[in-house]
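*Asks:* File protein_6.tsv follows (TSV, C-alpha atoms):
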chain	number	residue	atom	x	y	z
A	1	MET	CA	20.33	26.36	30.33
A	2	GLN	CA	21.62	25.93	26.77
A	3	ASP	CA	18.97	23.27	26.13
A	4	ILE	CA	16.27	25.61	27.48
A	5	GLY	CA	17.47	28.33	25.10
A	6	ASN	CA	17.49	25.88	22.17
A	7	LEU	CA	13.95	24.75	23.00
A	8	ALA	CA	12.76	28.37	23.12
A	9	LEU	CA	14.41	29.01	19.74
A	10	ILE	CA	12.69	25.95	18.23
A	11	LEU	CA	9.27	26.91	19.58
A	12	VAL	CA	9.35	30.55	18.49
A	13	THR	CA	10.63	29.62	15.00
A	14	THR	CA	8.05	26.86	14.49
A	15	LEU	CA	5.27	29.13	15.77
A	16	ILE	CA	6.09	31.85	13.22
A	17	LEU	CA	6.73	29.56	10.25
A	18	ALA	CA	3.74	27.30	10.97
A	19	HIS	CA	1.56	30.44	11.10
A	20	ILE	CA	2.91	31.59	7.74
A	21	SER	CA	2.30	28.09	6.29
A	22	ARG	CA	-1.33	28.18	7.37
A	23	LEU	CA	-1.74	31.69	5.93
A	24	LEU	CA	-0.51	30.28	2.61
A	25	LYS	CA	-3.01	27.38	2.97
A	26	MET	CA	-0.20	24.88	3.47
A	27	PRO	CA	0.03	22.31	6.32
A	28	ALA	CA	1.60	23.61	9.56
A	29	VAL	CA	4.03	20.66	9.42
A	30	ILE	CA	5.71	22.26	6.38
A	31	GLY	CA	6.49	25.36	8.43
A	32	GLU	CA	7.87	23.24	11.28
A	33	LEU	CA	10.08	21.32	8.88
A	34	LEU	CA	11.31	24.57	7.29
A	35	ALA	CA	12.11	25.87	10.79
A	36	GLY	CA	14.59	23.01	11.25
A	37	ILE	CA	16.14	23.74	7.86
A	38	LEU	CA	16.35	27.49	8.58
A	39	ILE	CA	17.96	27.38	12.04
A	40	GLY	CA	19.89	24.15	11.41
A	41	PRO	CA	23.19	23.36	9.66
A	42	ALA	CA	21.58	23.65	6.19
A	43	LEU	CA	21.19	27.45	6.43
A	44	LEU	CA	21.82	29.62	9.54
A	45	GLY	CA	23.60	27.00	11.65
A	46	TRP	CA	22.15	28.25	14.96
A	47	LEU	CA	21.21	24.75	16.06
A	48	THR	CA	22.68	21.27	15.61
A	49	PRO	CA	21.26	17.86	16.55
A	50	SER	CA	21.79	17.04	20.24
A	51	HIS	CA	20.81	14.39	22.79
A	52	THR	CA	18.07	16.59	24.27
A	53	ILE	CA	16.57	17.39	20.86
A	54	SER	CA	16.66	13.67	19.96
A	55	LEU	CA	14.90	12.77	23.23
A	56	PHE	CA	12.17	15.38	22.73
A	57	ALA	CA	11.81	14.30	19.08
A	58	GLU	CA	11.42	10.64	20.07
A	59	ILE	CA	8.71	11.52	22.59
A	60	GLY	CA	7.13	13.69	19.89
A	61	VAL	CA	6.92	10.89	17.32
A	62	ILE	CA	5.53	8.49	19.94
A	63	ILE	CA	2.78	10.97	20.89
A	64	LEU	CA	2.10	11.70	17.20
A	65	MET	CA	1.64	8.02	16.42
A	66	PHE	CA	-0.50	7.54	19.52
A	67	LEU	CA	-2.78	10.36	18.31
A	68	ALA	CA	-2.89	8.77	14.83
A	69	GLY	CA	-4.05	5.50	16.39
A	70	LEU	CA	-6.53	7.38	18.59
A	71	GLU	CA	-8.13	8.94	15.50
A	72	SER	CA	-8.37	5.62	13.61
A	73	ASP	CA	-12.10	4.99	13.30
A	74	LEU	CA	-12.50	1.19	13.31
A	75	ASP	CA	-16.28	1.47	12.95
A	76	LEU	CA	-15.78	3.37	9.70
A	77	LEU	CA	-13.32	0.70	8.60
A	78	LYS	CA	-15.89	-2.03	9.25
A	79	LYS	CA	-18.54	-0.13	7.27
A	80	TYR	CA	-16.30	0.42	4.23
A	81	PHE	CA	-14.13	-2.66	4.72
A	82	LYS	CA	-14.04	-3.93	1.11
A	83	PRO	CA	-13.22	-0.65	-0.71
A	84	GLY	CA	-11.01	0.57	2.15
A	85	MET	CA	-8.99	-2.67	2.17
A	86	LEU	CA	-8.58	-2.81	-1.62
A	87	VAL	CA	-7.62	0.87	-1.86
A	88	ALA	CA	-5.07	0.60	0.94
A	89	VAL	CA	-3.48	-2.74	-0.02
A	90	ILE	CA	-3.04	-1.96	-3.73
A	91	GLY	CA	-2.08	1.61	-2.79
A	92	VAL	CA	0.75	0.22	-0.65
A	93	ILE	CA	1.94	-2.53	-3.04
A	94	VAL	CA	2.25	-0.32	-6.15
A	95	PRO	CA	4.49	2.41	-4.60
A	96	VAL	CA	6.66	-0.16	-2.80
A	97	VAL	CA	7.29	-2.18	-5.98
A	98	VAL	CA	7.75	0.77	-8.38
A	99	VAL	CA	9.87	2.95	-6.07
A	100	PHE	CA	11.95	-0.09	-5.05
A	101	GLY	CA	12.67	-0.80	-8.74
A	102	PHE	CA	13.53	2.83	-9.46
A	103	ALA	CA	15.84	3.14	-6.44
A	104	HIS	CA	17.66	-0.08	-7.30
A	105	ILE	CA	18.17	1.05	-10.91
A	106	TRP	CA	19.44	4.40	-9.56
A	107	GLY	CA	22.14	2.55	-7.60
A	108	PHE	CA	20.66	2.02	-4.12
A	109	ASN	CA	21.37	-1.31	-2.42
A	110	LEU	CA	18.46	-3.73	-1.86
A	111	THR	CA	17.83	-2.63	1.75
A	112	SER	CA	17.79	1.10	0.98
A	113	SER	CA	15.66	0.50	-2.13
A	114	LEU	CA	13.10	-1.46	-0.14
A	115	PHE	CA	12.95	1.14	2.59
A	116	LEU	CA	12.51	3.96	0.09
A	117	GLY	CA	9.52	2.07	-1.32
A	118	ILE	CA	8.06	1.68	2.18
A	119	THR	CA	8.53	5.41	2.84
A	120	PHE	CA	6.33	6.29	-0.13
A	121	ALA	CA	3.73	3.66	0.74
A	122	ALA	CA	2.66	5.88	3.64
A	123	THR	CA	-0.35	8.19	3.33
A	124	SER	CA	-1.44	11.18	5.41
A	125	VAL	CA	-5.02	12.20	4.62
A	126	SER	CA	-5.26	15.10	7.09
A	127	ILE	CA	-4.78	17.59	4.23
A	128	SER	CA	-7.19	15.68	1.98
A	129	VAL	CA	-9.81	15.85	4.75
A	130	GLU	CA	-9.56	19.66	4.75
A	131	VAL	CA	-10.10	19.76	0.98
A	132	LEU	CA	-13.05	17.35	1.21
A	133	LYS	CA	-14.62	19.48	3.95
A	134	GLU	CA	-14.11	22.65	1.91
A	135	LEU	CA	-15.93	21.14	-1.08
A	136	HIS	CA	-18.60	19.39	1.07
A	137	ALA	CA	-17.50	15.91	-0.05
A	138	LEU	CA	-16.30	14.43	3.26
A	139	ASP	CA	-19.61	12.81	4.24
A	140	GLY	CA	-20.14	11.13	0.87
A	141	ARG	CA	-19.05	7.75	-0.40
A	142	ASN	CA	-15.63	8.99	-1.57
A	143	GLY	CA	-14.80	10.72	1.71
A	144	ALA	CA	-15.76	7.67	3.78
A	145	THR	CA	-13.73	5.36	1.49
A	146	ILE	CA	-10.65	7.60	1.81
A	147	LEU	CA	-10.96	7.69	5.62
A	148	GLY	CA	-11.51	3.91	5.82
A	149	ALA	CA	-8.55	3.24	3.52
A	150	ALA	CA	-6.41	5.61	5.61
A	151	VAL	CA	-6.99	3.44	8.69
A	152	VAL	CA	-5.83	0.30	6.83
A	153	ASP	CA	-2.96	2.21	5.21
A	154	ASP	CA	-1.69	3.42	8.59
A	155	ILE	CA	-1.85	-0.08	10.08
A	156	LEU	CA	-0.11	-1.67	7.06
A	157	THR	CA	2.61	0.99	6.99
A	158	VAL	CA	3.29	0.69	10.72
A	159	LEU	CA	3.45	-3.12	10.52
A	160	ILE	CA	5.75	-3.15	7.47
A	161	LEU	CA	7.93	-0.43	9.01
A	162	SER	CA	8.29	-2.27	12.30
A	163	PHE	CA	9.06	-5.62	10.63
A	164	THR	CA	11.66	-4.01	8.34
A	165	VAL	CA	13.39	-2.20	11.21
A	166	ALA	CA	13.37	-5.39	13.29
A	167	VAL	CA	14.85	-7.56	10.53
A	168	LEU	CA	17.16	-5.18	8.66
A	169	GLY	CA	17.85	-2.24	10.99
A	170	GLU	CA	20.99	-1.76	13.03
A	171	GLN	CA	18.93	-1.45	16.21
A	172	LYS	CA	17.89	-5.11	16.20
A	173	THR	CA	18.92	-7.18	19.22
A	174	ALA	CA	21.87	-9.25	18.01
A	175	SER	CA	22.05	-11.31	21.26
A	176	VAL	CA	18.58	-12.79	20.67
A	177	PRO	CA	18.22	-15.59	18.05
A	178	PHE	CA	16.11	-14.57	15.06
A	179	TRP	CA	13.49	-17.31	15.62
A	180	LEU	CA	13.06	-16.20	19.24
A	181	GLN	CA	12.68	-12.59	18.15
A	182	ILE	CA	9.88	-13.62	15.75
A	183	VAL	CA	8.14	-15.53	18.59
A	184	GLU	CA	8.44	-12.49	20.87
A	185	GLN	CA	6.91	-10.27	18.19
A	186	LEU	CA	4.01	-12.68	17.59
A	187	LEU	CA	3.35	-12.73	21.33
A	188	TYR	CA	3.46	-8.94	21.30
A	189	PHE	CA	0.70	-8.81	18.68
A	190	ILE	CA	-1.38	-11.19	20.77
A	191	GLY	CA	-0.75	-8.79	23.66
A	192	ILE	CA	-1.98	-5.88	21.49
A	193	TYR	CA	-5.30	-7.68	20.99
A	194	LEU	CA	-5.65	-8.25	24.74
A	195	VAL	CA	-4.86	-4.58	25.44
A	196	VAL	CA	-7.41	-3.37	22.87
A	197	ARG	CA	-10.09	-5.82	24.00
A	198	TRP	CA	-9.76	-5.80	27.78
A	199	ALA	CA	-6.74	-4.10	29.39
A	200	ALA	CA	-7.18	-0.55	28.04
A	201	PRO	CA	-10.92	-0.25	28.90
A	202	TYR	CA	-10.24	-1.62	32.42
A	203	LEU	CA	-7.23	0.65	33.08
A	204	MET	CA	-8.98	3.75	31.73
A	205	GLY	CA	-12.04	2.99	33.90
A	206	LEU	CA	-9.77	2.53	36.91
A	207	ALA	CA	-8.05	5.87	36.22
A	208	GLU	CA	-11.41	7.66	36.23
A	209	LYS	CA	-11.90	6.59	39.86
A	210	LEU	CA	-8.57	8.09	40.96
A	211	PHE	CA	-8.52	11.56	42.56
A	212	PRO	CA	-5.97	13.44	40.39
A	213	ALA	CA	-7.80	15.54	37.79
A	214	SER	CA	-5.50	14.36	34.99
A	215	ALA	CA	-5.56	10.66	35.95
A	216	VAL	CA	-7.27	9.57	32.71
A	217	THR	CA	-4.69	11.39	30.56
A	218	ILE	CA	-1.81	10.03	32.65
A	219	MET	CA	-3.13	6.48	32.31
A	220	SER	CA	-3.45	6.83	28.53
A	221	LEU	CA	0.13	8.10	28.40
A	222	LEU	CA	1.28	5.15	30.53
A	223	ILE	CA	-0.38	2.73	28.10
A	224	CYS	CA	1.25	4.55	25.18
A	225	LEU	CA	4.76	4.67	26.64
A	226	GLY	CA	4.50	1.14	28.04
A	227	MET	CA	3.49	-0.41	24.72
A	228	ALA	CA	6.15	1.63	22.89
A	229	TYR	CA	8.81	0.45	25.35
A	230	VAL	CA	7.84	-3.22	25.07
A	231	ALA	CA	7.75	-2.98	21.26
A	232	ASP	CA	11.33	-1.73	21.33
A	233	LEU	CA	12.31	-4.55	23.73
A	234	VAL	CA	11.13	-7.22	21.27
A	235	GLY	CA	13.06	-5.61	18.40
A	236	MET	CA	10.28	-3.61	16.73
A	237	SER	CA	9.92	0.12	16.26
A	238	ALA	CA	8.45	1.93	19.27
A	239	VAL	CA	5.95	3.65	16.98
A	240	ILE	CA	4.01	0.41	16.47
A	241	GLY	CA	3.37	0.20	20.21
A	242	ALA	CA	2.35	3.86	20.38
A	243	PHE	CA	0.02	3.51	17.38
A	244	PHE	CA	-1.84	0.47	18.71
A	245	ALA	CA	-1.98	2.03	22.18
A	246	GLY	CA	-3.86	4.87	20.49
A	247	VAL	CA	-6.17	2.38	18.74
A	248	ALA	CA	-6.84	0.69	22.12
A	249	VAL	CA	-7.65	3.92	23.98
A	250	GLY	CA	-9.63	5.13	20.97
A	251	GLN	CA	-12.12	2.27	21.47
A	252	THR	CA	-13.06	3.59	24.93
A	253	HIS	CA	-15.39	6.51	25.71
A	254	TYR	CA	-12.39	8.49	27.01
A	255	ARG	CA	-11.16	9.06	23.44
A	256	GLN	CA	-12.24	12.71	23.16
A	257	GLU	CA	-10.80	13.73	26.54
A	258	VAL	CA	-7.46	12.02	25.88
A	259	ASP	CA	-7.22	13.42	22.36
A	260	SER	CA	-7.84	16.97	23.60
A	261	ASN	CA	-5.35	16.79	26.47
A	262	LEU	CA	-2.54	14.92	24.72
A	263	SER	CA	-2.85	17.02	21.55
A	264	ALA	CA	-2.27	20.11	23.70
A	265	ILE	CA	0.89	18.58	25.21
A	266	GLY	CA	2.19	17.06	21.98
A	267	TYR	CA	1.58	19.89	19.55
A	268	ALA	CA	2.77	22.55	22.01
A	269	VAL	CA	6.25	21.08	22.57
A	270	PHE	CA	7.26	17.59	21.49
A	271	ILE	CA	5.77	17.22	17.99
A	272	PRO	CA	7.25	20.53	16.68
A	273	VAL	CA	10.65	19.41	17.98
A	274	PHE	CA	10.30	16.16	16.02
A	275	PHE	CA	9.66	17.95	12.72
A	276	VAL	CA	12.46	20.43	13.44
A	277	SER	CA	14.80	17.48	14.07
A	278	VAL	CA	13.98	16.19	10.57
A	279	GLY	CA	14.98	19.58	9.14
A	280	LEU	CA	18.18	19.64	11.20
A	281	ASN	CA	19.41	16.51	9.39
A	282	MET	CA	18.98	18.05	5.94
A	283	ARG	CA	21.81	19.33	3.74
A	284	PHE	CA	21.71	21.14	0.40
A	285	ASP	CA	25.30	20.71	-0.74
A	286	THR	CA	24.25	17.90	-3.14
A	287	PHE	CA	20.98	19.52	-4.24
A	288	GLY	CA	22.22	20.25	-7.78
A	289	ARG	CA	23.24	16.63	-8.23
A	290	ASP	CA	19.89	15.37	-6.90
A	291	ILE	CA	17.56	17.43	-9.12
A	292	GLY	CA	16.92	14.53	-11.52
A	293	PHE	CA	16.38	12.08	-8.65
A	294	ILE	CA	13.90	14.47	-6.96
A	295	ALA	CA	11.95	15.09	-10.19
A	296	ILE	CA	11.58	11.40	-11.10
A	297	LEU	CA	10.81	10.26	-7.53
A	298	THR	CA	8.20	13.02	-7.10
A	299	LEU	CA	6.45	11.91	-10.30
A	300	LEU	CA	6.55	8.25	-9.23
A	301	ALA	CA	5.33	9.09	-5.73
A	302	LEU	CA	2.33	10.96	-7.13
A	303	VAL	CA	1.41	8.51	-9.88
A	304	THR	CA	1.87	5.23	-7.96
A	305	LYS	CA	-0.37	6.22	-5.07
A	306	TRP	CA	-2.94	7.89	-7.31
A	307	VAL	CA	-3.17	4.95	-9.73
A	308	GLY	CA	-2.75	2.22	-7.09
A	309	CYS	CA	-5.48	3.52	-4.76
A	310	GLY	CA	-7.72	4.46	-7.69
A	311	LEU	CA	-7.39	0.95	-9.12
A	312	GLY	CA	-8.26	-0.54	-5.74
A	313	ASP	CA	-11.42	1.57	-5.56
A	314	ARG	CA	-12.33	0.65	-9.14
A	315	LEU	CA	-12.01	-3.06	-8.28
A	316	ALA	CA	-14.33	-2.43	-5.32
A	317	GLY	CA	-17.03	-1.32	-7.75
A	318	ALA	CA	-16.58	2.44	-7.97
A	319	SER	CA	-16.92	4.44	-11.18
A	320	TRP	CA	-13.84	5.89	-12.89
A	321	LEU	CA	-14.69	9.37	-11.59
A	322	GLN	CA	-15.11	8.11	-8.01
A	323	SER	CA	-11.89	6.08	-8.12
A	324	ASN	CA	-10.06	9.12	-9.51
A	325	VAL	CA	-11.16	11.14	-6.46
A	326	VAL	CA	-10.21	8.38	-4.01
A	327	GLY	CA	-6.80	7.89	-5.65
A	328	ALA	CA	-6.14	11.64	-5.54
A	329	GLY	CA	-7.24	11.76	-1.88
A	330	MET	CA	-4.59	9.19	-0.90
A	331	VAL	CA	-1.63	10.91	-2.62
A	332	SER	CA	-0.48	13.15	0.26
A	333	ARG	CA	2.46	11.71	2.25
A	334	GLY	CA	2.68	14.37	4.99
A	335	GLU	CA	3.79	13.52	8.50
A	336	MET	CA	3.46	9.72	8.09
A	337	ALA	CA	6.16	9.60	5.40
A	338	LEU	CA	8.36	11.99	7.42
A	339	ILE	CA	8.09	9.65	10.42
A	340	VAL	CA	8.99	6.60	8.30
A	341	ALA	CA	11.92	8.43	6.67
A	342	GLN	CA	13.30	9.60	10.02
A	343	ILE	CA	13.04	6.14	11.60
A	344	GLY	CA	14.78	4.62	8.58
A	345	PHE	CA	17.50	7.26	8.77
A	346	GLU	CA	18.15	6.50	12.46
A	347	ALA	CA	18.13	2.73	11.83
A	348	LYS	CA	20.62	3.17	8.93
A	349	LEU	CA	18.05	1.83	6.45
A	350	MET	CA	17.70	5.12	4.57
A	351	ASP	CA	20.62	6.09	2.31
A	352	ALA	CA	21.98	9.12	4.22
A	353	GLU	CA	23.36	10.61	1.00
A	354	TYR	CA	19.83	10.98	-0.38
A	355	TYR	CA	18.01	11.75	2.89
A	356	SER	CA	17.53	15.46	2.13
A	357	ALA	CA	16.29	14.71	-1.39
A	358	VAL	CA	13.72	12.24	-0.03
A	359	ILE	CA	12.41	14.83	2.45
A	360	VAL	CA	12.08	17.35	-0.41
A	361	VAL	CA	10.01	14.81	-2.39
A	362	ILE	CA	7.74	14.18	0.62
A	363	VAL	CA	7.17	17.94	0.98
A	364	LEU	CA	6.45	18.32	-2.75
A	365	THR	CA	3.87	15.49	-2.78
A	366	THR	CA	2.22	17.00	0.30
A	367	LEU	CA	1.92	20.40	-1.42
A	368	ILE	CA	0.77	19.01	-4.79
A	369	ALA	CA	-1.80	16.55	-3.38
A	370	PRO	CA	-4.55	19.12	-2.55
A	371	VAL	CA	-4.34	20.54	-6.09
A	372	ILE	CA	-4.83	17.07	-7.60
A	373	LEU	CA	-7.73	16.28	-5.25
A	374	LYS	CA	-9.55	19.57	-5.96
A	375	ASP	CA	-9.26	18.95	-9.71
A	376	ALA	CA	-10.59	15.37	-9.33
A	377	LEU	CA	-13.54	16.57	-7.22
A	378	HIS	CA	-14.40	19.33	-9.69
A	379	ARG	CA	-14.33	16.84	-12.57
A	380	GLU	CA	-16.69	14.51	-10.72
A	381	GLN	CA	-19.08	17.31	-9.72
A	382	GLU	CA	-19.21	18.68	-13.29
A	383	LEU	CA	-20.18	15.32	-14.77
A	384	VAL	CA	-22.64	14.21	-12.07
Rewrite the structure of this file - the entire thing - as C-alpha cells.

*Replies:*
Amino acid sequence: MQDIGNLALILVTTLILAHISRLLKMPAVIGELLAGILIGPALLGWLTPSHTISLFAEIGVIILMFLAGLESDLDLLKKYFKPGMLVAVIGVIVPVVVVFGFAHIWGFNLTSSLFLGITFAATSVSISVEVLKELHALDGRNGATILGAAVVDDILTVLILSFTVAVLGEQKTASVPFWLQIVEQLLYFIGIYLVVRWAAPYLMGLAEKLFPASAVTIMSLLICLGMAYVADLVGMSAVIGAFFAGVAVGQTHYRQEVDSNLSAIGYAVFIPVFFVSVGLNMRFDTFGRDIGFIAILTLLALVTKWVGCGLGDRLAGASWLQSNVVGAGMVSRGEMALIVAQIGFEAKLMDAEYYSAVIVVIVLTTLIAPVILKDALHREQELV
C-alpha cells in the first residue's frame, strides 16, 4: 500500500501545483516538475525514486511521445515543407554545435557535451501555440511555418536521440555486433514505414469491428507499446517507437478518438508521474557553484534556437520580421527537452553532476519563450 500512498501524494501535489502554474499563465508541466522538487529529496524529502515510480514514469513518457506523434500534422508539413525543413534543420544544427562547444570548454567529456547539445536541440511549441492563438496569429504564414517546423524538429530530435542512446548509451546491447545492430535498426525504420502505410490502418479498422467499447483505444495502445518494445530490442530508445506509432495512428480517421481517450489516461496518472520523477532526481546542493553555468547556458539556449530557426526561415524567403517571429516561436524547450534530458540521465549520457542545472535551464527557457514571442509578434504587427 506504500506505493498507492505515494501515487496519491504525487497526484494531489501535481494537481495543486499545476493549477497554480496555470493561474500564473505558466505551463502545467512546470507545476508538475516543481511537485517532484517539493516532495522529493531536494526539499521536503517525503518521496524518493523507486521501482514503481520509474515504471509509471516510463509508461508516462511513452504515452507522451505517442501523443506527440499523434498530433504531428504531416499534411501541414507537406504544405510548408521548404520553410519547415529549413527552420527545423538549421534550428537543430546551431544549438547542437554551439552548446557542444560550450560544454566541452566548460569541462564536459565529448559524450556529455554532445548529449547536452542534443537536449537543447529539442523544441516544444505547445506554449507558443497558446501565444499565437491569443494574438490571432496561429492561422497565418508564421503560425503554419512554426507548426510545420515543429513536426520536423520532433522527428529529427527523436532520431538523433535514439541513435545517440544506441551508440553511446550504457543500455546498448553489448552481445550484438555493432554492424548487426545498425542492420536491425535500418530494418526497424523500414518496419515503421510499413506500419504507417498499411499495418496501422488495417489494425485500427479491425479493432473497430470488435465488441469491446474501448477496442480502438486498446489497439492504438498495443501499437504504441509494441513499437516501443521492438525499438528497445534493437538498441534504440523506446520513445522513437512510441512517437512513430503515434504518427501511424494519426494518419487514420481514429486520431481524434484515440487522442481524447489516451490523453485522459496519460495526463490523469502516468504523465504527471514522469515529470515528478524528473524533479525527484534534482539536487540544489551545488546550485551556488552552477549559477554561472546556468546563466551562460540559458543565454545560449535562447539565442541559438532563436537565431538558427530565424535564419532558416529567412533562407526560405521570409522577411526579417517574419523570421524573427518564427525563431522566437521555436525557442521553448518544454517537455521535449525534459524527456531528452531524463533519457540521457538514465543512459548515463548526461553528466549527473549538472543534471539539476540543466533542468533549471530548460524551465527558464520555457518561461522566457512566450515573452520573446509576444514581443516579436507585436513588432511585426506594428510595422505591417

*Asks:* May I have the residues within 8 Å of Asp154 in chain A as JSON, numbers by chain, using all atoms listed in the file and disregarding those fewer than 4 positions away in the same chain?

*Replies:* {"A": [122, 123, 150, 158]}

*Asks:* Leaving out Val371 in chain A and any residue of its chain fewer than 2 positions from it, which residues lie within 12 Å of it when counting all atoms listed in the file, given as a PyMOL selection string?

*Replies:* chain A and resi 25-26+127-128+131-132+302+325+328-329+331-332+364-369+373-378

*Asks:* Work out how far apart CA of Leu221 in chain A and CA of Leu233 in chain A are and give it in Å to one decimal.

*Replies:*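 CA of Leu233 in chain A lies at a distance of 18.2 Å from CA of Leu221 in chain A.
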
*Asks:* Counting only C-alpha atoms, figure out which residue out of A:Phe189, A:Phe345, A:Trp198, A:Phe102 gets nearest to Gly241 in chain A.

*Replies:* A:Phe189

*Asks:* So, counting only C-alpha atoms, which residue among A:Phe270, A:Phe81, A:Phe243, A:Tyr202 is closest to Leu55 in chain A?

*Replies:*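 When distances to Leu55 in chain A are compared using only C-alpha atoms, the smallest one comes from A:Phe270.
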
*Asks:* Which of these residues is nearest to Ile218 in chain A, using all atoms listed in the file: A:Val258, A:Leu186, A:Ile93, A:Ile16?

*Replies:*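 Answer, going by the shortest atom-to-atom distance: A:Val258.
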
*Asks:* Just to confirm, what's the straight-line distance from CA of Gln185 in chain A to CA of Val239 in chain A in Å (one decimal)?

*Replies:*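 According to the coordinates, CA of Gln185 in chain A and CA of Val239 in chain A are separated by 14.0 Å.
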
*Asks:* Write out as a ChimeraX atom specification the residues lying within 9 Å of range 191-193 of chain A, counting all atoms listed in the file and excluding same-chain residues fewer than 6 positions away.

*Replies:* /A:227,241,244-245,248
